[in-house]
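For reference, target_16.cif (mmCIF, C-alpha atoms):
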```cif
data_final
loop_
_atom_site.label_atom_id
_atom_site.label_comp_id
_atom_site.auth_asym_id
_atom_site.auth_seq_id
_atom_site.Cartn_x
_atom_site.Cartn_y
_atom_site.Cartn_z
CA MET P 9 269.32 109.03 94.21
CA THR P 10 268.94 112.70 95.16
CA SER P 11 265.43 112.71 93.72
CA ILE P 12 264.46 109.80 95.97
CA LEU P 13 265.95 111.52 99.02
CA ALA P 14 264.03 114.63 98.02
CA ILE P 15 260.81 112.58 97.85
CA ILE P 16 261.38 111.06 101.29
CA PHE P 17 262.33 114.34 102.94
CA GLY P 18 259.57 116.18 101.14
CA ALA P 19 256.85 113.70 102.14
CA ILE P 20 257.90 113.49 105.78
CA PHE P 21 258.73 117.11 106.57
CA VAL P 22 258.09 119.72 103.89
CA ASN P 23 254.74 118.46 102.66
CA ASN P 24 253.79 116.48 105.75
CA PHE P 25 250.43 114.90 104.95
CA VAL P 26 248.79 115.88 108.21
CA LEU P 27 250.37 119.19 109.07
CA THR P 28 250.84 120.75 105.63
CA ARG P 29 248.40 118.98 103.32
CA PHE P 30 245.80 118.51 106.08
CA LEU P 31 244.96 114.94 105.06
CA GLY P 32 244.02 112.26 107.62
CA ILE P 33 242.99 114.67 110.40
CA CYS P 34 240.44 112.23 111.86
CA PRO P 35 242.90 109.61 113.17
CA PHE P 36 245.35 112.44 113.91
CA LEU P 37 242.98 113.68 116.62
CA GLY P 38 241.32 110.37 117.42
CA VAL P 39 244.27 108.07 118.03
CA SER P 40 246.69 110.58 119.53
CA LYS P 41 245.89 110.07 123.20
CA LYS P 42 248.63 107.53 123.88
CA VAL P 43 252.02 107.16 122.23
CA ASP P 44 251.73 103.35 122.10
CA THR P 45 248.50 103.28 120.15
CA SER P 46 249.60 106.12 117.90
CA ILE P 47 252.69 104.11 116.93
CA GLY P 48 250.45 101.10 116.24
CA MET P 49 248.15 103.21 114.12
CA GLY P 50 251.16 104.69 112.33
CA MET P 51 252.47 101.22 111.48
CA ALA P 52 249.08 100.10 110.19
CA VAL P 53 248.77 103.21 108.02
CA THR P 54 252.37 102.83 106.79
CA PHE P 55 251.66 99.28 105.69
CA VAL P 56 248.39 100.22 104.00
CA MET P 57 249.84 103.27 102.27
CA GLY P 58 252.92 101.45 101.03
CA LEU P 59 250.88 98.58 99.66
CA ALA P 60 248.21 100.92 98.29
CA SER P 61 250.85 102.92 96.43
CA LEU P 62 252.19 99.75 94.83
CA VAL P 63 248.83 98.30 93.83
CA THR P 64 247.28 101.56 92.66
CA TRP P 65 250.37 102.37 90.55
CA LEU P 66 250.15 99.00 88.83
CA LEU P 67 246.43 99.39 88.26
CA GLU P 68 246.84 102.94 86.99
CA TYR P 69 249.42 102.11 84.34
CA TYR P 70 248.53 98.52 83.37
CA ILE P 71 244.74 98.69 83.45
CA LEU P 72 243.33 102.20 83.64
CA GLN P 73 245.69 103.89 81.18
CA ALA P 74 245.96 100.80 78.97
CA PHE P 75 242.20 100.77 78.45
CA GLN P 76 241.72 104.57 78.62
CA LEU P 77 239.64 104.22 81.79
CA GLU P 78 241.25 107.11 83.71
CA TYR P 79 237.81 108.39 84.69
CA LEU P 80 237.40 105.29 86.89
CA ARG P 81 240.52 106.19 88.87
CA THR P 82 238.88 107.38 92.09
CA ILE P 83 236.44 104.51 92.45
CA VAL P 84 239.05 101.87 91.61
CA PHE P 85 241.49 103.35 94.13
CA ILE P 86 238.81 103.40 96.81
CA LEU P 87 238.05 99.76 96.06
CA VAL P 88 241.73 98.83 96.39
CA ILE P 89 242.15 100.73 99.66
CA ALA P 90 238.97 99.28 101.19
CA ALA P 91 240.08 95.74 100.34
CA LEU P 92 243.59 96.37 101.73
CA VAL P 93 242.29 97.80 104.99
CA GLN P 94 239.99 94.82 105.43
CA PHE P 95 242.99 92.59 104.94
CA VAL P 96 245.11 94.52 107.46
CA GLU P 97 242.24 94.38 109.96
CA LEU P 98 242.06 90.60 109.63
CA VAL P 99 245.81 90.24 110.10
CA ILE P 100 246.02 92.60 113.10
CA ARG P 101 243.10 90.87 114.78
CA LYS P 102 244.93 87.59 114.48
CA ILE P 103 248.41 88.80 115.39
CA SER P 104 247.79 91.48 118.03
CA PRO P 105 244.36 91.55 119.72
CA VAL P 106 245.61 94.31 122.02
CA LEU P 107 246.45 96.61 119.12
CA TYR P 108 243.15 95.62 117.50
CA GLN P 109 241.23 96.78 120.56
CA ALA P 110 243.32 99.91 120.98
CA LEU P 111 242.77 101.02 117.38
CA GLY P 112 239.08 100.20 117.63
CA ILE P 113 236.93 102.06 115.14
CA PHE P 114 239.92 103.84 113.62
CA LEU P 115 241.14 100.73 111.87
CA PRO P 116 238.12 100.49 109.55
CA LEU P 117 238.31 104.26 109.28
CA ILE P 118 241.66 103.99 107.47
CA THR P 119 239.42 102.96 104.58
CA THR P 120 238.02 106.43 104.41
CA ASN P 121 241.29 108.04 105.45
CA CYS P 122 241.88 110.64 102.76
CA ALA P 123 245.64 110.38 103.34
CA VAL P 124 245.63 106.93 101.72
CA LEU P 125 243.56 108.00 98.74
CA GLY P 126 245.60 111.19 98.64
CA VAL P 127 248.90 109.35 98.28
CA ALA P 128 247.51 107.20 95.46
CA LEU P 129 246.19 110.20 93.54
CA LEU P 130 249.33 112.27 94.16
CA ASN P 131 251.45 109.44 92.78
CA VAL P 132 249.57 109.78 89.50
CA GLN P 133 249.61 113.56 89.55
CA LEU P 134 253.36 113.80 90.25
CA GLU P 135 254.08 111.09 87.62
CA HIS P 136 256.19 108.95 89.92
CA ASN P 137 257.64 105.69 88.62
CA LEU P 138 256.91 102.48 90.55
CA LEU P 139 259.87 102.75 92.97
CA GLU P 140 259.22 106.43 93.61
CA ALA P 141 255.52 105.75 94.16
CA VAL P 142 256.13 103.11 96.85
CA ILE P 143 258.79 105.23 98.55
CA PHE P 144 256.50 108.25 98.43
CA GLY P 145 253.69 106.20 99.99
CA VAL P 146 255.84 104.86 102.82
CA ALA P 147 257.49 108.23 103.47
CA ALA P 148 254.13 110.01 103.55
CA ALA P 149 252.86 107.45 106.07
CA LEU P 150 256.01 107.92 108.16
CA GLY P 151 255.31 111.66 108.12
CA PHE P 152 251.78 110.88 109.28
CA THR P 153 253.18 108.66 112.05
CA LEU P 154 255.64 111.37 113.07
CA ALA P 155 252.88 113.96 113.41
CA LEU P 156 250.72 111.47 115.32
CA VAL P 157 253.50 110.53 117.76
CA ILE P 158 254.47 114.16 118.37
CA LEU P 159 250.88 115.10 119.18
CA ALA P 160 250.39 111.98 121.32
CA GLY P 161 253.57 112.76 123.28
CA ILE P 162 252.43 116.31 123.94
CA ARG P 163 248.92 115.19 124.91
CA GLU P 164 250.30 112.57 127.30
CA ARG P 165 252.24 115.27 129.12
CA LEU P 166 249.24 117.58 129.14
CA GLU P 167 247.27 114.95 131.06
CA LEU P 168 249.36 115.84 134.11
CA VAL P 169 248.97 119.58 133.83
CA ALA P 170 246.26 121.81 135.23
CA ILE P 171 244.50 123.11 132.12
CA PRO P 172 241.63 125.64 132.20
CA LYS P 173 238.37 123.72 131.90
CA HIS P 174 237.36 125.04 128.50
CA PHE P 175 240.66 124.10 126.85
CA ARG P 176 240.69 120.47 127.97
CA GLY P 177 240.55 117.62 125.45
CA VAL P 178 240.02 118.19 121.75
CA SER P 179 240.06 121.98 121.84
CA LEU P 180 243.61 122.10 123.14
CA ALA P 181 244.60 119.28 120.78
CA LEU P 182 243.39 121.37 117.84
CA ILE P 183 245.36 124.40 119.05
CA ILE P 184 248.49 122.24 119.40
CA ALA P 185 247.89 120.82 115.92
CA GLY P 186 247.79 124.38 114.59
CA ILE P 187 251.05 125.32 116.30
CA LEU P 188 252.69 122.10 115.04
CA SER P 189 251.50 122.95 111.56
CA ILE P 190 253.11 126.40 111.78
CA ALA P 191 256.34 124.74 112.98
CA PHE P 192 256.35 122.37 110.00
CA MET P 193 255.85 125.33 107.66
CA GLY P 194 259.42 126.18 108.59
CA PHE P 195 260.63 123.24 106.48
CA GLN P 196 259.25 124.93 103.34
CA GLY P 197 262.35 127.11 103.17
CA MET P 198 264.66 124.07 102.89
CA MET P 199 263.41 122.87 99.52
CA MET B 27 233.95 101.21 76.15
CA ILE B 28 231.30 100.74 78.80
CA VAL B 29 231.88 97.01 78.61
CA ALA B 30 235.58 97.51 79.37
CA ALA B 31 234.75 99.67 82.40
CA VAL B 32 232.25 97.17 83.74
CA ILE B 33 234.60 94.24 83.20
CA THR B 34 237.47 96.10 84.88
CA LEU B 35 235.53 97.04 87.99
CA ALA B 36 233.73 93.71 88.28
CA GLY B 37 236.98 91.84 87.73
CA LEU B 38 238.82 93.87 90.36
CA GLY B 39 235.96 93.40 92.78
CA LEU B 40 235.97 89.68 92.19
CA ILE B 41 239.74 89.40 92.71
CA PHE B 42 239.72 91.45 95.92
CA GLY B 43 236.63 89.65 97.19
CA GLY B 44 238.23 86.27 96.59
CA ALA B 45 241.48 87.34 98.24
CA LEU B 46 239.62 88.64 101.28
CA ALA B 47 237.52 85.52 101.58
CA TYR B 48 240.68 83.45 101.52
CA ALA B 49 242.40 85.71 104.07
CA SER B 50 239.43 85.66 106.43
CA GLN B 51 239.65 81.89 106.55
CA LYS B 52 243.40 81.87 106.86
CA PHE B 53 243.44 84.46 109.66
CA ALA B 54 240.17 83.47 111.34
CA VAL B 55 240.06 84.19 115.08
CA GLU B 56 237.90 81.77 116.98
CA VAL B 57 235.52 83.68 119.17
CA ASP B 58 232.96 81.85 121.25
CA PRO B 59 229.62 83.20 119.96
CA LYS B 60 228.32 82.99 123.53
CA VAL B 61 230.72 85.76 124.57
CA GLU B 62 229.13 88.10 122.04
CA GLU B 63 225.62 87.13 123.18
CA VAL B 64 226.43 87.69 126.85
CA ARG B 65 228.15 90.99 126.07
CA GLU B 66 225.00 92.25 124.33
CA LEU B 67 222.95 91.62 127.49
CA LEU B 68 225.21 93.48 129.93
CA ALA B 69 224.60 96.99 131.16
CA GLY B 70 227.60 98.27 129.23
CA ALA B 71 228.66 100.97 131.69
CA ASN B 72 232.10 99.37 132.18
CA CYS B 73 231.66 100.20 135.86
CA GLY B 74 233.80 97.38 137.25
CA ALA B 75 231.33 96.19 139.90
CA CYS B 76 231.92 92.60 138.77
CA GLY B 77 235.64 92.89 139.45
CA CYS B 78 236.63 92.57 135.78
CA ALA B 79 238.25 95.23 133.62
CA GLY B 80 235.11 96.19 131.75
CA CYS B 81 232.09 94.42 130.30
CA ASP B 82 233.99 92.66 127.50
CA GLN B 83 236.24 90.87 129.94
CA PHE B 84 233.32 89.98 132.21
CA ALA B 85 231.49 88.41 129.26
CA GLU B 86 234.54 86.27 128.54
CA GLU B 87 235.00 85.30 132.20
CA VAL B 88 231.35 84.29 132.53
CA VAL B 89 231.47 82.09 129.48
CA THR B 90 234.67 80.40 130.64
CA GLY B 91 233.04 79.88 134.05
CA ASN B 92 235.41 82.10 136.04
CA ALA B 93 232.73 84.62 136.99
CA PRO B 94 229.21 84.07 138.36
CA VAL B 95 226.25 84.75 136.06
CA THR B 96 224.94 87.16 138.67
CA GLY B 97 228.17 89.18 138.56
CA CYS B 98 226.65 92.09 136.68
CA THR B 99 224.71 93.87 139.43
CA PRO B 100 223.72 96.88 137.31
CA ALA B 101 221.98 94.64 134.76
CA GLY B 102 219.95 92.91 137.48
CA ALA B 103 218.25 89.57 137.96
CA GLU B 104 216.52 89.48 134.58
CA VAL B 105 219.80 89.61 132.70
CA ALA B 106 221.42 87.11 135.07
CA ALA B 107 218.62 84.68 134.21
CA LYS B 108 219.15 85.26 130.48
CA ILE B 109 222.90 84.72 130.81
CA ALA B 110 222.25 81.52 132.74
CA GLU B 111 219.96 80.44 129.91
CA ILE B 112 222.61 81.10 127.25
CA LEU B 113 225.20 79.13 129.18
CA GLY B 114 222.76 76.35 130.02
CA ALA B 115 223.59 76.87 133.68
CA ASP B 116 221.16 76.83 136.58
CA MET B 117 220.00 80.20 137.77
CA PRO B 118 221.31 80.54 141.32
CA VAL B 119 219.51 82.37 144.14
CA ASP B 120 217.25 85.16 143.02
CA MET B 121 218.99 88.47 143.19
CA GLU B 122 217.37 91.69 144.17
CA ARG B 123 218.18 95.09 142.78
CA GLN B 124 220.44 96.92 145.20
CA VAL B 125 221.04 100.61 145.60
CA ALA B 126 223.46 102.68 147.64
CA GLN B 127 222.18 104.08 150.93
CA LEU B 128 223.85 106.66 153.16
CA LYS B 129 224.22 105.40 156.73
CA CYS B 130 224.60 108.77 158.38
CA VAL B 131 222.31 111.65 159.31
CA GLY B 132 225.08 113.88 160.61
CA ASP B 133 224.39 117.07 158.66
CA CYS B 134 225.54 120.55 159.66
CA ASN B 135 222.70 120.92 162.20
CA THR B 136 223.10 117.63 164.04
CA VAL B 137 226.79 116.77 164.22
CA LYS B 138 229.29 118.94 166.07
CA VAL B 139 232.03 120.58 164.06
CA LYS B 140 235.51 120.03 165.41
CA HIS B 141 237.33 122.53 163.23
CA ILE B 142 236.76 124.48 160.02
CA TYR B 143 238.41 122.60 157.18
CA ASP B 144 239.38 124.74 154.23
CA GLY B 145 241.73 122.46 152.31
CA ALA B 146 241.32 120.31 149.19
CA ARG B 147 237.68 119.28 148.61
CA ASP B 148 238.38 115.62 149.18
CA CYS B 149 237.14 113.41 152.03
CA ARG B 150 240.43 111.54 152.38
CA ALA B 151 242.45 114.75 152.50
CA ALA B 152 240.11 116.19 155.13
CA LEU B 153 240.42 113.06 157.29
CA MET B 154 244.21 113.25 157.22
CA PHE B 155 244.05 116.59 158.97
CA GLY B 156 243.35 116.06 162.65
CA GLY B 157 241.06 113.09 162.07
CA GLY B 158 238.50 115.05 160.07
CA PRO B 159 236.50 118.25 160.53
CA ILE B 160 233.49 116.67 162.34
CA ALA B 161 233.48 115.51 165.95
CA CYS B 162 231.98 112.10 165.05
CA SER B 163 234.68 109.67 164.05
CA PHE B 164 232.29 107.45 162.05
CA GLY B 165 230.10 109.90 160.13
CA CYS B 166 230.05 111.35 156.65
CA VAL B 167 232.66 114.07 155.99
CA GLY B 168 230.51 115.48 153.20
CA LEU B 169 233.18 116.48 150.70
CA GLY B 170 231.70 114.38 147.93
CA ASN B 171 234.22 111.70 146.94
CA CYS B 172 231.21 109.45 146.27
CA VAL B 173 229.66 112.10 144.02
CA ARG B 174 232.80 112.21 141.89
CA VAL B 175 233.29 108.46 141.48
CA CYS B 176 229.66 107.61 140.63
CA PRO B 177 229.64 106.38 137.01
CA THR B 178 225.96 107.26 136.48
CA ASP B 179 225.85 110.63 138.31
CA ALA B 180 223.30 109.16 140.70
CA ILE B 181 224.81 110.86 143.75
CA SER B 182 224.59 114.59 144.35
CA MET B 183 225.37 116.82 147.30
CA GLY B 184 222.26 117.80 149.24
CA GLU B 185 221.75 121.22 150.80
CA ASN B 186 222.49 119.84 154.26
CA GLY B 187 225.99 118.76 153.20
CA LEU B 188 225.20 115.06 152.90
CA PRO B 189 225.20 113.10 149.63
CA VAL B 190 221.80 112.14 148.20
CA VAL B 191 221.44 108.96 146.13
CA ASP B 192 218.97 109.00 143.25
CA LYS B 193 217.63 105.46 143.50
CA ASP B 194 216.43 105.43 139.89
CA LEU B 195 219.87 106.26 138.54
CA CYS B 196 221.85 104.08 140.96
CA ILE B 197 222.98 100.83 139.34
CA GLY B 198 224.30 99.25 142.52
CA CYS B 199 227.88 99.04 141.25
CA SER B 200 229.30 99.64 144.77
CA ILE B 201 232.07 101.95 143.53
CA CYS B 202 230.99 104.64 146.03
CA VAL B 203 230.85 102.05 148.82
CA LYS B 204 234.48 101.17 148.16
CA GLU B 205 235.53 104.79 147.70
CA CYS B 206 234.05 106.21 150.93
CA PRO B 207 236.89 106.49 153.49
CA ARG B 208 234.33 106.30 156.34
CA GLN B 209 232.27 103.44 154.87
CA VAL B 210 228.99 105.26 155.48
CA LEU B 211 227.56 104.11 152.16
CA GLU B 212 226.13 100.62 151.90
CA LEU B 213 224.26 98.61 149.29
CA VAL B 214 220.74 97.81 150.43
CA PRO B 215 217.82 96.05 148.70
CA GLU B 216 215.86 98.66 146.78
CA THR B 217 212.50 97.49 148.18
CA LYS B 218 213.47 98.12 151.83
CA LYS B 219 212.39 101.56 153.02
CA HIS B 220 213.85 101.90 156.51
CA HIS B 221 217.50 102.12 157.38
CA VAL B 222 219.59 102.73 160.48
CA SER B 223 221.39 105.90 159.48
CA CYS B 224 224.31 105.78 161.85
CA ARG B 225 227.50 103.79 162.17
CA ASN B 226 228.82 105.25 165.42
CA GLN B 227 230.07 102.38 167.60
CA ASP B 228 230.74 104.51 170.68
CA LYS B 229 228.71 104.31 173.88
CA GLY B 230 225.47 106.29 173.95
CA LYS B 231 226.82 109.14 176.07
CA GLN B 232 229.77 109.73 173.76
CA VAL B 233 227.47 109.64 170.75
CA ARG B 234 225.19 112.26 172.31
CA GLU B 235 228.20 114.50 172.82
CA VAL B 236 229.07 114.62 169.12
CA CYS B 237 225.73 114.21 167.33
CA SER B 238 222.08 114.82 168.20
CA ARG B 239 220.76 112.05 165.92
CA GLY B 240 223.32 109.24 166.33
CA CYS B 241 222.41 105.72 167.43
CA ILE B 242 222.80 105.53 171.23
CA ALA B 243 222.20 101.76 171.34
CA CYS B 244 219.08 102.08 173.52
CA THR B 245 217.73 98.81 171.99
CA LEU B 246 214.16 100.16 171.83
CA CYS B 247 213.91 99.16 168.19
CA VAL B 248 215.29 95.71 168.93
CA LYS B 249 212.56 95.14 171.50
CA LYS B 250 209.68 96.63 169.49
CA CYS B 251 210.42 95.08 166.07
CA PRO B 252 207.53 92.61 165.43
CA GLU B 253 209.75 90.51 163.11
CA ASN B 254 212.80 90.46 165.39
CA ALA B 255 214.76 91.75 162.43
CA ILE B 256 216.88 94.22 164.39
CA SER B 257 219.89 93.38 166.50
CA MET B 258 222.54 95.43 168.26
CA VAL B 259 226.03 94.97 166.84
CA ASN B 260 228.91 97.03 168.26
CA ASN B 261 226.52 99.59 169.82
CA VAL B 262 224.69 100.18 166.53
CA ALA B 263 221.28 98.83 165.52
CA VAL B 264 221.47 96.60 162.44
CA ILE B 265 218.43 95.61 160.37
CA ASP B 266 218.36 92.14 158.84
CA TYR B 267 216.81 93.04 155.49
CA SER B 268 215.80 89.45 154.77
CA LEU B 269 213.37 89.66 157.73
CA CYS B 270 212.30 93.32 157.45
CA THR B 271 208.71 93.85 156.28
CA ASN B 272 208.82 97.66 155.95
CA CYS B 273 206.34 98.00 158.86
CA GLY B 274 207.98 101.19 160.13
CA THR B 275 207.70 100.41 163.86
CA CYS B 276 211.41 101.06 164.40
CA VAL B 277 211.12 104.51 162.81
CA GLU B 278 208.35 105.42 165.24
CA VAL B 279 210.09 104.20 168.38
CA CYS B 280 213.61 105.51 167.72
CA PRO B 281 214.11 108.36 170.22
CA GLN B 282 217.03 109.78 168.27
CA ASN B 283 215.37 109.74 164.84
CA THR B 284 218.32 107.68 163.68
CA ILE B 285 216.18 105.15 161.84
CA ILE B 286 214.58 106.74 158.81
#
```

What does this structure look like when you write it as structure tokens?
Amino acid sequence: MTSILAIIFGAIFVNNFVLTRFLGICPFLGVSKKVDTSIGMGMAVTFVMGLASLVTWLLEYYILQAFQLEYLRTIVFILVIAALVQFVELVIRKISPVLYQALGIFLPLITTNCAVLGVALLNVQLEHNLLEAVIFGVAAALGFTLALVILAGIRERLELVAIPKHFRGVSLALIIAGILSIAFMGFQGMM
Amino acid sequence: MIVAAVITLAGLGLIFGGALAYASQKFAVEVDPKVEEVRELLAGANCGACGCAGCDQFAEEVVTGNAPVTGCTPAGAEVAAKIAEILGADMPVDMERQVAQLKCVGDCNTVKVKHIYDGARDCRAALMFGGGPIACSFGCVGLGNCVRVCPTDAISMGENGLPVVDKDLCIGCSICVKECPRQVLELVPETKKHHVSCRNQDKGKQVREVCSRGCIACTLCVKKCPENAISMVNNVAVIDYSLCTNCGTCVEVCPQNTII
């Protein structure tokens, strides 16, 4: 039980995928203009990462390791993630056209989101069992969502503030991301 | 060994492909292919001249029949005809390309200054303070609200303090026309060269007191126009562009140089 709590806490705060491991920076900057869309993106990524963790774990242990095909790991994982993202895109388009429009190009970009591939590869590297792998995937995605929502909240407030011309937009977002990253470094001492 | 790798990858690909094909049928969203076709034709500036929230919505509205095929002014008559063709609808009246035209010649040399305004660089703000910095209560304030709202950067501030419209860049979206608190901008047919550049509805004497080039309603142009295209409405000459032949007689006779 404590090990699972450690995995959750570790994935969300200590080794936050965006702010400590620096994975998935593209949507972190791209979809963090509004809190609503960032939550939508976070939910989509959470679903994909949870499912990807499950499927890649099964593939890793029942196919790749069973047939000594570990060298195919990366390409197989990419295949799984691409198929999953396509599936999620189809579902979102059907269920919530508004969210589909808001996410725009970033939905297909989850395919190439290194955070998703990262969680699948880390599951193998850290030798998680199936339950741990899925929990790690979901927790990592929640950490990603947390970082996204924090940045989106800050950027929403910054819209109303007089900012020197040269700092407006992405440049200030990158500076904020850096400061957030330093703040999350503080969690390192807790583990 | 190689066989196992090939079978694994091909098998996985086949499974995922099949699952996706099934899902795409199960979760298919019906989109009218016409919407996509119409959307491709539009100008794509999302300017809002049609009254819809962006080009995507306009495409949908046109296909469902809630918006006219000529709604997209920036795209022009050619596109309207193509849209009409896609929808199988009749092409309504021919539409001419329109551009924004400033209806004021009150620059810093001609119009009298009432007070020096040194506040926020915004026409509306300036007008709130004592009815505006210039003596004319119809003319251009010259603080560039139109310049800021123009989606294609077609309007710039000229040296004389009046906005200048670049007719090649103007897409006729009418955003500046709606924005201008003094309504001195107007959409005019691009082919027409001569315009009455004044909107002052006061009597001639009062106009002369505030501006040296304002329309004093002398009706010379009305009398001399060979096409009878000019009429006097509320003490201002108005050209009926459907009759105007660009002959330039009005420009020559105007004693105030109001018609340019």

Give me, as a ChimeraX atom specification, the contact residues of chain B against chain P at a cut-off of 8 Å, counting all atoms listed in the file.
-> /B:30-31,34-35,39,42-43,46,49-50,53-55

Here atom CA of B:Cys172 and atom CA of B:Leu213 stand apart by 13.2 Å

Just the residues within 10 Å of P:Ala148, please, counting all atoms listed in the file, with nothing from its chain fewer than 5 positions along; format it as an MDAnalysis selection string. chainID P and resid 15:21 23:26 53:54 57:58 123:124 126:127 142:143 153:154

In terms of only C-alpha atoms, the residue from P:Ser40, P:Gln73, P:Thr82, P:Gln133 at minimal distance from P:Ile162 is P:Ser40

Could you tell me how far atom CA of B:Arg225 lies from atom CA of B:Cys241, in Å and to one decimal?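 Separation of atom CA of B:Arg225 and atom CA of B:Cys241: 7.6 Å.
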